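A.B. asks: Would you mind keeping the following structure in view while I ask a few things?
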Amino acid sequence: MKIMRWKAIVPLLLLLVLILIGYLLYADTLVERSIESLGADLVGAKVDLDEVDLSLREGRVRLVGLAAANPSSPMRNLVEASEIIADVRVVPLLEKKFVIEQASFRGVRFGTERSESGALENPSPESGRLVREISGWADRVRIPPLNLAALNTVVDVGAVSIDSLTTVTRARGTVAFADSVRSSWQQNLSQLNPAPLIDTARALVERLNRANPLTLGLAGMTELANSSRTVMTSLTSTTDRLSDLDSNVRVTMDRLTGNVTGLVDARAADYAYARRLLRLPSLDAPDLSASLFGDMAVARLQPVLYWVNQAERYLPPGLNPRRYPGPKRPRRAGVTVTFPKRNALPKFLVESADADLAIGGAGAAAGAYAAELSGLTTEPAIYGRPLRAMVQRTGAAVGPTDVRVDLALDHTGSVISDSGSAFMNGIRLPQFALAGSRVQLDLGTGLSELSIARTGDSIVGTWLWRSNAVRWSRGAGSGEQGAEGGEQAAGSGEQGAEGVAQRLGAFAEDFLWQTIASLEDVEITVRFSGSPTGPSLRIGSNVGRVLATNLRRELGARIEQAEQQVRQQVNRLVDQYVTQAETRVAALESEVADVVGVRLSEVTDVRAELERAVRRVIPRP
Amino acid sequence: MFYQPMYMILKLIQKLIATLNSDGTPGQVAAGMAIGAVFGLTPLLSLHNLVILVVVLLVQVTIPAVMLGWFVAVPLGFVLDPLFDQIGLRLLETLALSPVWTSITNTPVIALANLNNSVVLGSLVAWLIAVFPLYLLLRWGVARYRATVYARLQRMKLYRAVKASKVYNFYRLFRPE
């Protein structure tokens with residue numbers, strides 16, 4: 001029987017020709033779909049492409065009409081490029097490696113409007129997780145509320161509940177613990193009562209002191225030696241057990257004493273807790289700055305953190321195998337594991353790229369920019385060089401501006417080392433409502449400077465906004481009009497006039513307005529440090545400092561009085577429990593702990609006495 | 001007139017199958033079904049399936065049996081995907097095999113086979129393990145069928161009626177020679 005079916009050669013060749021024709025017809029579409037899918041995964045919003053022109057013979061890919069939607073504002077594009085031309089190395093494609101020697105981006109624009117929403121119906125789980133993590137951080141950031149209204153209300157000390165006070169809980173715990181160890185130690189002590197043994201040992205010492213070997217004879221001396229040995233063994237055993245108990249007592253007493261000492265800190269924490277209940281405003285400048293600008297800072301930091309984390313996800317350090325979700329298909333996607341190989345090409349590499357950027361409109365940022373990038377790769381450890389990017393303004397359309405962005409992402413080692421800075425002078429700065437008030441601040445045109453550094457899982461950075469031509473305005477219903485031409489702002493967004501009045505009160509808002517409305521220079525500095533997905537913030541501002549000074553002058557006495565009332569209420573509630581804990585621990589020390597020490601000392605003394613007596617009567621060779 | 005191109009394609013396929021399926025021993029039918037199972041068990045658009053397709057066309061196995069094997073294995077593939085995923089992932093994460101995967105995923109052309117995907121690898125390995133026992137089992141089954149069921153079928157009126165119809169044209173592709 002023949003094994004080969006030679007007649008199949010022709011149909012087989014026909015099939016291969018069909019596959020080749022299919023590739024030539026649909027390769028562009030396949031690449032277009034792949035870029036749209038990968039881009040959406042990267043950005044977290046839709047990425048559209050008008051056209052892909054693939055010319056493998058020349059090693060050139062031309063993308064036309066690329067538009068990536070902004071995930072946080074789906075009706076706008078994050079970035080748009082009219083044309084991208086990439087020179088691709090063909091041979092590495094056989095290893096599923098995409099190496100771009102040179103890429104040029106033309107007609108790049110930012111923030112353009114979209115005709116349809118760019119929100120994804122089913123965003124990738126990983127992208128969604130990151131957004132959720134960073135949003136979660138934004139929700140967790142504790143921004144001290146700016147609430148001056150509490151100053152006008154009677155201090156309600158009854159709001160401080162005894163069950164919420166840490167001091168009471170800890171004092172009760174200390175008492176219970178002291179009672180528990182007392183009964184345990186007393187039981188041990190009664191079992192270990194050494195008094196009969198001490199009496200026996202002393203009687204034996206007396207006998208030894210009076211003993212005369214000549215009169216006792218051999219039998220008497222033997223009996224005396226055996227008695228001494230038995231008593232000595234018992235004394236040794238009792239000493240050991242008492243020593244164990246004594247060391248246990250000491251450790252436990254240290255712990256109990258520590259608990260009592262810790263009640264001081266607990267009381268301080270309770271003061272702070274009770275103070276927060278009354279919503280007394282902090283008079284510290286950092287707290288006030290955080291109250292005024294915290295929301296604004298968090299909102300602006302979120303996209304920065306998102307991209308810092310995306311850089312880690314797509315440019316992972318090290319050479320360990322990496323797991324990615326498999327390709328989308330009707331069957332289960334599974335997991336695709338990549339195995340980076342040293343001295344080979346990375347899976348994706350852009351050796352160098354340049355771009356001409358343009359920001360349109362008549363704003364201060366409008367103009368032409370040039371950008372350069374090198375070493376963008378998904379496997380930096382293989383490529384061995386950090387990613388470097390630079391954006392610089394080449395021509396201003398309006399106003400004197402200076403813009404420069406530098407970025408260096410070094411993921412070549414096992415520890416990430418990123419740094420970036422953005423210096424933008426003469427650009428339009430944010431406009432926002434001060435938290436908890438109807439006062440609006442328009443920073444106008446000024447300086448924005450961001451510097452950020454990441455080493456491993458630690459991030460540190462500073463973001464500075466500075467303007468010397470700010471405009472203040474105040475929402476409807478207030479007593480005074482805006483400082484500059486009586487501007488009226490539409491209020492602070494979500495807060496209706498009634499809600500705001502409840503939160504702040506006319507007096508307090510008037511005070512805030514009088515304090516800050518005359519300020520023409522504003523500087524806000526946000527320092528962030530910690531984990532890249534949830535750093536802690538420190539916010540400083542000259543507005544906060546001025547407000548703190550004025551508040552101390554005007555309201556310091558009133559706040560001090562309210563704080564005094566709060567402290568007294570806390571003291572009234574916790575004093576008896578603290579005293580009870582202190583007394584119980586002191587009693588435990590004198591009644592049990594000291595007794596153990598005394599008994600141990602007695603046993604040790606009588607044992608030493610017995611040893612001396614034995615040596616005298618029965619000298620050792 | 002509108003259906004003429006479709007008719008021509010169908011006739012071409014029929015002729016192709018008739019030409020390629022010149023004989024069909026139990027071994028050839030069983031081999032066809034066992035090999036055809038790979039198209040249903042593993043993700044269809046994979047490089048290894050293209051290679052196996054070439055082999056199927058060049059080697060004397062029963063083509064309709066290949067299609068039957070494929071058809072039967074498709075739902076099985078979907079059901080067993082979680083298992084394939086686990087098998088593949090276990091293999092990909094086995095440290096001892098890491099050099100093998102590193103070499104495979106960095107070798108030209110072979111890298112296009114997506115063997116570093118857990119489902120592709122898991123399903124392919126599962127099929128490779130199953131293909132020979134499956135072949136033996138199917139060969140025995142086909143032989144038994146021809147010796148017992150087919151002989152009885154030939155005497156049935158219904159069978160004779162069907163045999164006279166168009167349906168038989170397809171069935172005869174499986175008929176013993």
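Chain identifiers are assigned as A, B, and so on, following the order in which chains appear in the structure tokens; residues are numbered from 1 within each chain, and ligands are numbered from 1 in order of appearance.
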Produce a table with one row for each residue of chain B that has an atom at most 8 Å from any atom of chain A, each row naming the nearest atom pair and its distance in Å at one decimal; use only C-alpha atoms; arrange rows by chain and rising residue number; format as JSON lines.

C.D. replies:
{"residue": "B:Leu20", "atom": "CA", "partner": "A:Ala8", "partner_atom": "CA", "distance": 6.9}
{"residue": "B:Pro43", "atom": "CA", "partner": "A:Arg331", "partner_atom": "CA", "distance": 6.9}
{"residue": "B:Val54", "atom": "CA", "partner": "A:Leu12", "partner_atom": "CA", "distance": 7.1}
{"residue": "B:Leu57", "atom": "CA", "partner": "A:Ala8", "partner_atom": "CA", "distance": 5.9}
{"residue": "B:Leu58", "atom": "CA", "partner": "A:Arg5", "partner_atom": "CA", "distance": 5.0}
{"residue": "B:Val59", "atom": "CA", "partner": "A:Met4", "partner_atom": "CA", "distance": 4.6}
{"residue": "B:Gln60", "atom": "CA", "partner": "A:Ile3", "partner_atom": "CA", "distance": 5.3}
{"residue": "B:Phe78", "atom": "CA", "partner": "A:Arg331", "partner_atom": "CA", "distance": 6.4}
{"residue": "B:Asp81", "atom": "CA", "partner": "A:Arg332", "partner_atom": "CA", "distance": 6.3}
{"residue": "B:Pro82", "atom": "CA", "partner": "A:Arg332", "partner_atom": "CA", "distance": 7.6}
{"residue": "B:Asp85", "atom": "CA", "partner": "A:Gly334", "partner_atom": "CA", "distance": 5.7}
{"residue": "B:Leu89", "atom": "CA", "partner": "A:Val335", "partner_atom": "CA", "distance": 7.2}
{"residue": "B:Leu92", "atom": "CA", "partner": "A:Val337", "partner_atom": "CA", "distance": 7.1}
{"residue": "B:Ser98", "atom": "CA", "partner": "A:Phe339", "partner_atom": "CA", "distance": 7.8}
{"residue": "B:Trp101", "atom": "CA", "partner": "A:Phe339", "partner_atom": "CA", "distance": 6.8}
{"residue": "B:Thr102", "atom": "CA", "partner": "A:Phe339", "partner_atom": "CA", "distance": 5.0}
{"residue": "B:Thr105", "atom": "CA", "partner": "A:Phe339", "partner_atom": "CA", "distance": 6.9}
{"residue": "B:Asn106", "atom": "CA", "partner": "A:Glu95", "partner_atom": "CA", "distance": 5.9}
{"residue": "B:Thr107", "atom": "CA", "partner": "A:Glu95", "partner_atom": "CA", "distance": 5.9}
{"residue": "B:Pro108", "atom": "CA", "partner": "A:Glu95", "partner_atom": "CA", "distance": 4.4}
{"residue": "B:Val109", "atom": "CA", "partner": "A:Leu94", "partner_atom": "CA", "distance": 5.0}
{"residue": "B:Ile110", "atom": "CA", "partner": "A:Glu95", "partner_atom": "CA", "distance": 7.4}
{"residue": "B:Ala111", "atom": "CA", "partner": "A:Glu95", "partner_atom": "CA", "distance": 5.0}
{"residue": "B:Leu112", "atom": "CA", "partner": "A:Lys96", "partner_atom": "CA", "distance": 6.1}
{"residue": "B:Asn116", "atom": "CA", "partner": "A:Val337", "partner_atom": "CA", "distance": 5.5}
{"residue": "B:Asn117", "atom": "CA", "partner": "A:Thr336", "partner_atom": "CA", "distance": 4.1}
{"residue": "B:Ser118", "atom": "CA", "partner": "A:Val335", "partner_atom": "CA", "distance": 5.3}
{"residue": "B:Val119", "atom": "CA", "partner": "A:Gly334", "partner_atom": "CA", "distance": 5.3}

A.B. asks: May I have the selected residues written with N, CA and C atoms, as a PDB file, in the first residue's frame?

C.D. replies:
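Below is the file part-v1.pdb, written as the result:
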ATOM      1  N   LEU B  20      -8.830  12.057  -3.463  1.00  0.00           N
ATOM      2  CA  LEU B  20      -7.864  11.805  -2.394  1.00  0.00           C
ATOM      3  C   LEU B  20      -8.193  10.538  -1.624  1.00  0.00           C
ATOM      4  N   PRO B  43      -6.330  25.250  19.295  1.00  0.00           N
ATOM      5  CA  PRO B  43      -6.808  26.431  18.574  1.00  0.00           C
ATOM      6  C   PRO B  43      -6.508  26.310  17.077  1.00  0.00           C
ATOM      7  N   VAL B  54      -0.860  19.750   6.001  1.00  0.00           N
ATOM      8  CA  VAL B  54      -0.004  19.323   4.881  1.00  0.00           C
ATOM      9  C   VAL B  54       0.249  17.822   4.968  1.00  0.00           C
ATOM     10  N   LEU B  57      -2.811  15.853   3.952  1.00  0.00           N
ATOM     11  CA  LEU B  57      -3.053  15.837   2.517  1.00  0.00           C
ATOM     12  C   LEU B  57      -2.057  14.940   1.765  1.00  0.00           C
ATOM     13  N   LEU B  58      -0.868  14.845   2.329  1.00  0.00           N
ATOM     14  CA  LEU B  58       0.168  14.089   1.616  1.00  0.00           C
ATOM     15  C   LEU B  58       0.188  12.608   1.966  1.00  0.00           C
ATOM     16  N   VAL B  59      -0.354  12.259   3.119  1.00  0.00           N
ATOM     17  CA  VAL B  59      -0.285  10.864   3.564  1.00  0.00           C
ATOM     18  C   VAL B  59      -1.647  10.201   3.313  1.00  0.00           C
ATOM     19  N   GLN B  60      -1.593   8.892   3.052  1.00  0.00           N
ATOM     20  CA  GLN B  60      -2.824   8.172   2.715  1.00  0.00           C
ATOM     21  C   GLN B  60      -3.680   7.927   3.954  1.00  0.00           C
ATOM     22  N   PHE B  78     -13.499  22.799  23.441  1.00  0.00           N
ATOM     23  CA  PHE B  78     -14.035  23.891  24.259  1.00  0.00           C
ATOM     24  C   PHE B  78     -14.211  23.450  25.715  1.00  0.00           C
ATOM     25  N   ASP B  81     -10.774  23.001  27.487  1.00  0.00           N
ATOM     26  CA  ASP B  81      -9.864  24.158  27.500  1.00  0.00           C
ATOM     27  C   ASP B  81      -9.291  24.479  28.891  1.00  0.00           C
ATOM     28  N   PRO B  82     -10.107  24.481  29.966  1.00  0.00           N
ATOM     29  CA  PRO B  82      -9.526  24.769  31.288  1.00  0.00           C
ATOM     30  C   PRO B  82      -8.422  23.783  31.671  1.00  0.00           C
ATOM     31  N   ASP B  85      -5.386  24.530  29.597  1.00  0.00           N
ATOM     32  CA  ASP B  85      -4.770  25.757  30.138  1.00  0.00           C
ATOM     33  C   ASP B  85      -3.860  25.399  31.317  1.00  0.00           C
ATOM     34  N   LEU B  89       0.153  25.670  31.332  1.00  0.00           N
ATOM     35  CA  LEU B  89       0.777  26.603  32.277  1.00  0.00           C
ATOM     36  C   LEU B  89       1.781  25.879  33.171  1.00  0.00           C
ATOM     37  N   LEU B  92       4.854  25.334  31.131  1.00  0.00           N
ATOM     38  CA  LEU B  92       5.587  26.578  30.865  1.00  0.00           C
ATOM     39  C   LEU B  92       6.280  27.091  32.122  1.00  0.00           C
ATOM     40  N   SER B  98      12.458  25.447  31.251  1.00  0.00           N
ATOM     41  CA  SER B  98      12.592  26.845  30.844  1.00  0.00           C
ATOM     42  C   SER B  98      13.564  27.042  29.665  1.00  0.00           C
ATOM     43  N   TRP B 101      11.738  26.227  26.396  1.00  0.00           N
ATOM     44  CA  TRP B 101      10.779  27.255  25.954  1.00  0.00           C
ATOM     45  C   TRP B 101      11.523  28.505  25.478  1.00  0.00           C
ATOM     46  N   THR B 102      12.622  28.831  26.176  1.00  0.00           N
ATOM     47  CA  THR B 102      13.404  30.002  25.756  1.00  0.00           C
ATOM     48  C   THR B 102      13.924  29.786  24.344  1.00  0.00           C
ATOM     49  N   THR B 105      10.868  29.841  21.767  1.00  0.00           N
ATOM     50  CA  THR B 105      10.257  31.155  21.517  1.00  0.00           C
ATOM     51  C   THR B 105      11.239  32.146  20.899  1.00  0.00           C
ATOM     52  N   ASN B 106      12.511  31.757  20.787  1.00  0.00           N
ATOM     53  CA  ASN B 106      13.475  32.654  20.151  1.00  0.00           C
ATOM     54  C   ASN B 106      14.057  32.045  18.876  1.00  0.00           C
ATOM     55  N   THR B 107      13.387  31.016  18.356  1.00  0.00           N
ATOM     56  CA  THR B 107      13.837  30.397  17.104  1.00  0.00           C
ATOM     57  C   THR B 107      12.932  30.879  15.971  1.00  0.00           C
ATOM     58  N   PRO B 108      13.537  31.353  14.883  1.00  0.00           N
ATOM     59  CA  PRO B 108      12.715  31.833  13.772  1.00  0.00           C
ATOM     60  C   PRO B 108      11.714  30.775  13.312  1.00  0.00           C
ATOM     61  N   VAL B 109      10.571  31.198  12.882  1.00  0.00           N
ATOM     62  CA  VAL B 109       9.446  30.392  12.391  1.00  0.00           C
ATOM     63  C   VAL B 109       8.784  29.607  13.528  1.00  0.00           C
ATOM     64  N   ILE B 110       9.558  28.833  14.285  1.00  0.00           N
ATOM     65  CA  ILE B 110       8.956  28.048  15.377  1.00  0.00           C
ATOM     66  C   ILE B 110       8.308  28.991  16.394  1.00  0.00           C
ATOM     67  N   ALA B 111       8.907  30.164  16.535  1.00  0.00           N
ATOM     68  CA  ALA B 111       8.336  31.141  17.473  1.00  0.00           C
ATOM     69  C   ALA B 111       6.915  31.528  17.077  1.00  0.00           C
ATOM     70  N   LEU B 112       6.601  31.395  15.769  1.00  0.00           N
ATOM     71  CA  LEU B 112       5.259  31.765  15.297  1.00  0.00           C
ATOM     72  C   LEU B 112       4.207  30.734  15.703  1.00  0.00           C
ATOM     73  N   ASN B 116       4.237  29.074  23.420  1.00  0.00           N
ATOM     74  CA  ASN B 116       4.353  29.660  24.766  1.00  0.00           C
ATOM     75  C   ASN B 116       2.998  30.094  25.302  1.00  0.00           C
ATOM     76  N   ASN B 117       1.927  29.752  24.573  1.00  0.00           N
ATOM     77  CA  ASN B 117       0.577  30.000  25.099  1.00  0.00           C
ATOM     78  C   ASN B 117       0.078  28.748  25.794  1.00  0.00           C
ATOM     79  N   SER B 118      -0.456  28.898  26.987  1.00  0.00           N
ATOM     80  CA  SER B 118      -0.815  27.735  27.806  1.00  0.00           C
ATOM     81  C   SER B 118      -1.837  26.838  27.122  1.00  0.00           C
ATOM     82  N   VAL B 119      -2.833  27.427  26.449  1.00  0.00           N
ATOM     83  CA  VAL B 119      -3.873  26.599  25.831  1.00  0.00           C
ATOM     84  C   VAL B 119      -3.325  25.879  24.604  1.00  0.00           C
TER      85      VAL B 119
END

A.B. asks: Need to verify the contact set: B:Trp140, 12 Å, only C-alpha atoms, exclusion of same-chain residues closer than 5 positions in sequence. Can you return it as a PyMOL selection string?

C.D. replies: chain B and resi 25-31+133-135+145-147

A.B. asks: For a test of reading the model, state the distance in Å between atom CA of A:Leu292 and atom CA of A:Val160, rounded to one decimal.

C.D. replies: 27.2 Å

A.B. asks: Taking the backbone alone, and naming residues the way the document does, which bits of stretch 528-620 of chain A are alpha helix (DSSP H) by DSSP, as a PyMOL selection string?

C.D. replies: chain A and resi 542-588+594-617

A.B. asks: I'd like to know which of B:Val79, B:Val66, B:Ile52, B:Leu153 is closest to B:Gly36, using only C-alpha atoms.

C.D. replies: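 Among B:Val79, B:Val66, B:Ile52, B:Leu153, it is B:Val66 that comes nearest to B:Gly36.
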
A.B. asks: Record the distance separating atom CA of B:Leu44 and atom CA of A:Leu349, expressed in Å with one decimal.

C.D. replies: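 Here the two named atoms are 29.4 Å from each other.
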
A.B. asks: Hey, what's within 8 Å of A:Leu197 if we count only C-alpha atoms and toss same-chain stuff fewer than 2 positions away? As a list in words, please?

C.D. replies: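 Returned residues: Pro194, Ala195, Asp199, Thr200, Ala201, Val231, Ser234 and Leu235 of chain A.
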
A.B. asks: Quick one: residues within 8 Å of A:Gly384, only C-alpha atoms counted, chain neighbours fewer than 3 positions away excluded, as a PDB file with N, CA, C and O atoms, in the first residue's frame?

C.D. replies:
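Output file part-v1.pdb is given in full below:
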ATOM      1  N   PRO A 380      13.742  45.602  28.517  1.00  0.00           N
ATOM      2  CA  PRO A 380      14.897  46.486  28.684  1.00  0.00           C
ATOM      3  C   PRO A 380      16.153  45.748  29.122  1.00  0.00           C
ATOM      4  O   PRO A 380      17.261  46.155  28.765  1.00  0.00           O
ATOM      5  N   ALA A 381      15.998  44.653  29.874  1.00  0.00           N
ATOM      6  CA  ALA A 381      17.185  43.940  30.360  1.00  0.00           C
ATOM      7  C   ALA A 381      17.968  43.351  29.202  1.00  0.00           C
ATOM      8  O   ALA A 381      19.189  43.236  29.260  1.00  0.00           O
ATOM      9  N   THR A 412      16.830  48.241  33.038  1.00  0.00           N
ATOM     10  CA  THR A 412      17.762  47.225  32.552  1.00  0.00           C
ATOM     11  C   THR A 412      18.219  46.273  33.664  1.00  0.00           C
ATOM     12  O   THR A 412      18.571  45.142  33.395  1.00  0.00           O
TER      13      THR A 412
END

A.B. asks: Report, in Å with one decimal, the straight-line distance from atom CA of A:Ala370 to atom CA of A:Val64.

C.D. replies: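 Separation between atom CA of A:Ala370 and atom CA of A:Val64: 19.5 Å.
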
A.B. asks: Contacts of A:Thr174 at 8 Å or less, counting only C-alpha atoms, minus same-chain residues fewer than 5 places along, as a list in words?

C.D. replies: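 Residues near the query, excluding close chain neighbours: Leu256, Asn259, Val260 and Ala581 of chain A.
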
A.B. asks: What's around B:Thr42 at 8 Å? Count only C-alpha atoms, leave out sequence neighbours fewer than 4 positions away in its own chain, and write the answer as number ranges by chain.

C.D. replies: B: 38, 77, 119-120, 123-124

A.B. asks: Got time to write the residues from that selection, N, CA and C atoms, as a PDB file, in the first residue's frame?

C.D. replies:
ATOM      1  N   VAL B  38      -6.872  16.922  16.137  1.00  0.00           N
ATOM      2  CA  VAL B  38      -6.004  18.039  16.523  1.00  0.00           C
ATOM      3  C   VAL B  38      -6.627  19.379  16.122  1.00  0.00           C
ATOM      4  N   GLY B  77     -12.876  20.187  22.615  1.00  0.00           N
ATOM      5  CA  GLY B  77     -11.819  21.187  22.824  1.00  0.00           C
ATOM      6  C   GLY B  77     -12.289  22.318  23.718  1.00  0.00           C
ATOM      7  N   VAL B 119      -2.833  27.427  26.449  1.00  0.00           N
ATOM      8  CA  VAL B 119      -3.873  26.599  25.831  1.00  0.00           C
ATOM      9  C   VAL B 119      -3.325  25.879  24.604  1.00  0.00           C
ATOM     10  N   VAL B 120      -2.534  26.587  23.788  1.00  0.00           N
ATOM     11  CA  VAL B 120      -1.958  25.948  22.594  1.00  0.00           C
ATOM     12  C   VAL B 120      -1.067  24.782  23.018  1.00  0.00           C
ATOM     13  N   SER B 123      -3.110  21.877  24.888  1.00  0.00           N
ATOM     14  CA  SER B 123      -3.963  21.075  24.011  1.00  0.00           C
ATOM     15  C   SER B 123      -3.124  20.235  23.045  1.00  0.00           C
ATOM     16  N   LEU B 124      -2.018  20.807  22.569  1.00  0.00           N
ATOM     17  CA  LEU B 124      -1.164  20.062  21.637  1.00  0.00           C
ATOM     18  C   LEU B 124      -0.523  18.870  22.343  1.00  0.00           C
TER      19      LEU B 124
END

A.B. asks: Determine, counting only C-alpha atoms, which protein, DNA and RNA residues have an atom within 12 Å of an atom of A:Phe528; residues of the same chain fewer than 2 positions away are not included. Present the result as a PyMOL selection string.

C.D. replies: chain A and resi 141+294+297-298+301-302+304-305+450-454+458-464+525-526+530-540

A.B. asks: Out of A:Thr261, A:Thr238, A:Ser228, A:Thr233, which residue has the shortest atom-to-atom distance to A:Ser601 when counting only C-alpha atoms?

C.D. replies: A:Thr238

A.B. asks: Running DSSP on the backbone, which parts of stretch 20-195 of chain A land in strand (DSSP E), as a PyMOL selection string?

C.D. replies: chain A and resi 47-48+51-55+60-70+73-88+98-110
